[in-house]
Amino acid sequence: MSATENQLFISKVYDIISEDQVLCDEPLKEYTSFKIGGPADYLFFPKTNEEVSRLIKLCREEKIPLFILGNGSNLLVTDEGFRGAIIQLYRSFNRISIDHNQMTAQAGALLSQVASAAARASLSGLEFASGIPGTLGGAVFMNAGAYGGEMEQVVRRVTAVDLEGNLYEFTHDKLDFSYRHSMLQVQRMVALDIVMELQEGDQTEIRRVMFELNKRRKEKQPLEYPSAGSTFKRPHGYYAGKLIMDSGLAGYRVGDAMVSEKHCGFIINVGAATCSDVLKLIDHIQKVVYDKYQVKLEREVKVIGE
C-alpha cells in the first residue's frame, strides 16, 4: 500500500473510531500471552458492535487482510508480524452488567473478570471458568470448559458478527454447542455480546470453589511463564502431555522455547523465544511422538502472520 493509499485508508478508519483507538506498526508480542510476535500494520480498539461491524466492512472494501483478536491467549504471531489490520476485542470491549440472575457481557471481558463479577453478585455457574485464560468471546466460540463445567451450560443468547461485518443474534439452541465446538466456528463468526443465565448461590461457597479450582490449576500448569496454553489438541485415546513426557521431551528446548517440565503439554517462553523457535520445537515434538507412538499431534495454538 502506498503512502497515499495508507492515508486514505486511515482517514476512513477515523470516520468510524477515534485516533486514540488506532495504533500503526504495533508489535503484537505485547498483545499475546506468549509474548511473541512482530508488528501489525494496523491495530484497532473498537468499543461497540457497530464499530466492529463498520471496521470489518471497511477492511473488506479496501481488501485489507483482517484478524479479530481477543487477549491473545491461544495465539502465536510470526516474527515478521501481520500485514493487515487487527481488531482487538479486549480492554475496550469488556463491559459487564447484571440483572437479577442474568449477566450480559461484551466478548472482550476476561473469563476471570466475568467469574469474579458473578461471585460478587452471589451468582453460581461460572466457578469453572475463573482460571481459564482468555476472553469470554473466545470461550463461547470454542465452548471452553474445565472441571466439569462448559460455557454451553450458562450461555443463553449471543450477538455475533460474520467476516463480512453482518450482525446476527442467536439463542442457545441455534449455537450447536458440543465438546470444544460451537456453530460460530462453522459459520466463521465472532461473538460480540453474550447473555448468560446463572443461579443464586452462597458467595462464600462460590469463592471457596473458585479458590480450590485455581489452586489446582496453578499446581499443575506452568502459569509463571508466558505460553499459549495447551500447545496440542488432545489426541483420541491419549493425553498429549503424557505422550510428550513419555517421549523424553520434558525440558527440551529450541532457543528460549521449552517444553514445560511441570506440564509437558505446554510450550513456554523462558526468555526471548521467537515464533521460529516455537514452530521448530512443535515440529520436533510431533516427529518424536509419531516415531515413538504413531500418534499425530495436532497443533491447538493458532498461528497468524507472514
# chains A, B, ... in the order shown; residues from 1 in each chain; ligands from 1
$ residues_around --residues "Glu261 of chain A" --least-positions-apart "2" --cutoff "6 Å" --atoms "only C-alpha atoms" --output "list in words"
Ala250, Gly251, His263 and Cys264 of chain A
$ write_last_selection --atoms "N, CA and C atoms" --output "short mmCIF file (atom, residue, chain, number, x, y, z; two decimals), in the first residue's frame"
data_model
loop_
_atom_site.label_atom_id
_atom_site.label_comp_id
_atom_site.auth_asym_id
_atom_site.auth_seq_id
_atom_site.Cartn_x
_atom_site.Cartn_y
_atom_site.Cartn_z
N ALA A 250 10.51 -33.66 28.15
CA ALA A 250 10.36 -32.66 29.22
C ALA A 250 11.64 -31.83 29.32
N GLY A 251 11.50 -30.51 29.25
CA GLY A 251 12.66 -29.63 29.33
C GLY A 251 13.40 -29.43 28.03
N HIS A 263 4.31 -29.34 33.08
CA HIS A 263 3.21 -29.91 32.27
C HIS A 263 3.69 -29.94 30.83
N CYS A 264 4.00 -31.14 30.34
CA CYS A 264 4.63 -31.27 29.02
C CYS A 264 3.70 -30.90 27.87
#
$ select_by_dssp --residues "segment 35-249 of chain A" --states "strand (DSSP E or B)" --output "PyMOL selection string"
chain A and resi 39-44+66-69+75-77+82-88+96-99+102-106+110+123-124+135+145-146+149-150+155-162+167-171+178+181+189-197+199-200+227-230+232
$ closest_residue --among "A:Ser116, A:Gln221, A:Ser182, A:Ser2" --to "Ser260 of chain A" --atoms "only C-alpha atoms"
A:Gln221
$ residues_around --residues "Gly248 of chain A" --least-positions-apart "4" --cutoff "10 Å" --atoms "only C-alpha atoms" --output "PDB file with C-alpha atoms, in the first residue's frame"
ATOM      1  CA  LYS A 242       1.826 -37.641  28.747  1.00  0.00           C
ATOM      2  CA  LEU A 243       2.895 -38.684  25.241  1.00  0.00           C
ATOM      3  CA  ILE A 244       5.412 -35.840  25.174  1.00  0.00           C
ATOM      4  CA  TYR A 252      13.636 -29.962  25.667  1.00  0.00           C
ATOM      5  CA  CYS A 264       4.630 -31.275  29.019  1.00  0.00           C
ATOM      6  CA  VAL A 288       9.406 -37.694  18.034  1.00  0.00           C
ATOM      7  CA  VAL A 289       5.930 -38.594  19.337  1.00  0.00           C
TER       8      VAL A 289
END
$ residues_around --residues "segment 62-77 of chain A" --least-positions-apart "6" --cutoff "6 Å" --atoms "only C-alpha atoms" --output "ChimeraX atom specification"
/A:32-33,37,84-90,134,228,301-305
$ closest_residue --among "A:Asp20, A:Glu152, A:Asp162, A:Glu5" --to "Arg54 of chain A" --atoms "only C-alpha atoms"
A:Asp162
$ residues_around --residues "Leu126 of chain A" --least-positions-apart "3" --cutoff "7 Å" --atoms "only C-alpha atoms" --output "compact mmCIF listing (two decimals) with C-alpha atoms, in the first residue's frame"
# COMPACT_ATOMS: atom_id res chain seq x y z
CA ALA A 115 -16.45 -15.16 37.03
CA ALA A 129 -14.22 -20.52 34.25
CA SER A 130 -12.42 -18.39 36.84
$ select_by_dssp --residues "segment 100-292 of chain A" --states "alpha helix (DSSP H)" --output "PyMOL selection string"
chain A and resi 111-120+136-141+183-187+203-220+240-246+275-292
$ atom_distance --atom1 "atom CA of Lys280 of chain A" --atom2 "atom CA of Arg234 of chain A"
20.1 Å
$ residues_around --residues "Ala240 of chain A" --least-positions-apart "3" --cutoff "10 Å" --atoms "only C-alpha atoms" --output "NGL selection string"
:A and (230-237 or 243-246 or 264-266 or 289 or 295-298)
$ write_last_selection --atoms "C-alpha atoms" --output "CSV table (one decimal), in the first residue's frame"
chain,number,residue,atom,x,y,z
A,230,SER,CA,-2.1,-26.3,25.8
A,231,THR,CA,0.0,-26.5,22.6
A,232,PHE,CA,-1.7,-29.6,21.1
A,233,LYS,CA,-5.2,-30.9,20.9
A,234,ARG,CA,-6.0,-34.0,22.9
A,235,PRO,CA,-5.5,-37.0,20.6
A,236,HIS,CA,-8.2,-39.6,20.7
A,237,GLY,CA,-7.5,-42.1,23.5
A,243,LEU,CA,2.9,-38.7,25.2
A,244,ILE,CA,5.4,-35.8,25.2
A,245,MET,CA,6.7,-36.6,28.7
A,246,ASP,CA,7.0,-40.4,27.9
A,264,CYS,CA,4.6,-31.3,29.0
A,265,GLY,CA,1.5,-30.2,27.1
A,266,PHE,CA,2.7,-26.6,27.4
A,289,VAL,CA,5.9,-38.6,19.3
A,295,VAL,CA,0.2,-40.7,17.1
A,296,LYS,CA,-0.1,-37.5,15.2
A,297,LEU,CA,-0.3,-34.5,17.5
A,298,GLU,CA,-2.4,-31.7,16.0
$ residues_around --residues "Leu175 of chain A" --least-positions-apart "3" --cutoff "9 Å" --atoms "only C-alpha atoms" --output "PyMOL selection string"
chain A and resi 152+157-158+170-172+182-184
$ closest_residue --among "A:Phe93, A:Tyr290, A:Tyr147, A:Tyr179" --to "Glu127 of chain A" --atoms "only C-alpha atoms"
A:Tyr147
$ closest_residue --among "A:His284, A:Lys262, A:Arg208, A:Lys12" --to "Ser124 of chain A" --atoms "only C-alpha atoms"
A:Arg208
$ atom_distance --atom1 "atom CA of Ala146 of chain A" --atom2 "atom CA of Met258 of chain A"
24.8 Å
$ atom_distance --atom1 "atom CA of Ala257 of chain A" --atom2 "atom CA of Gly229 of chain A"
13.4 Å
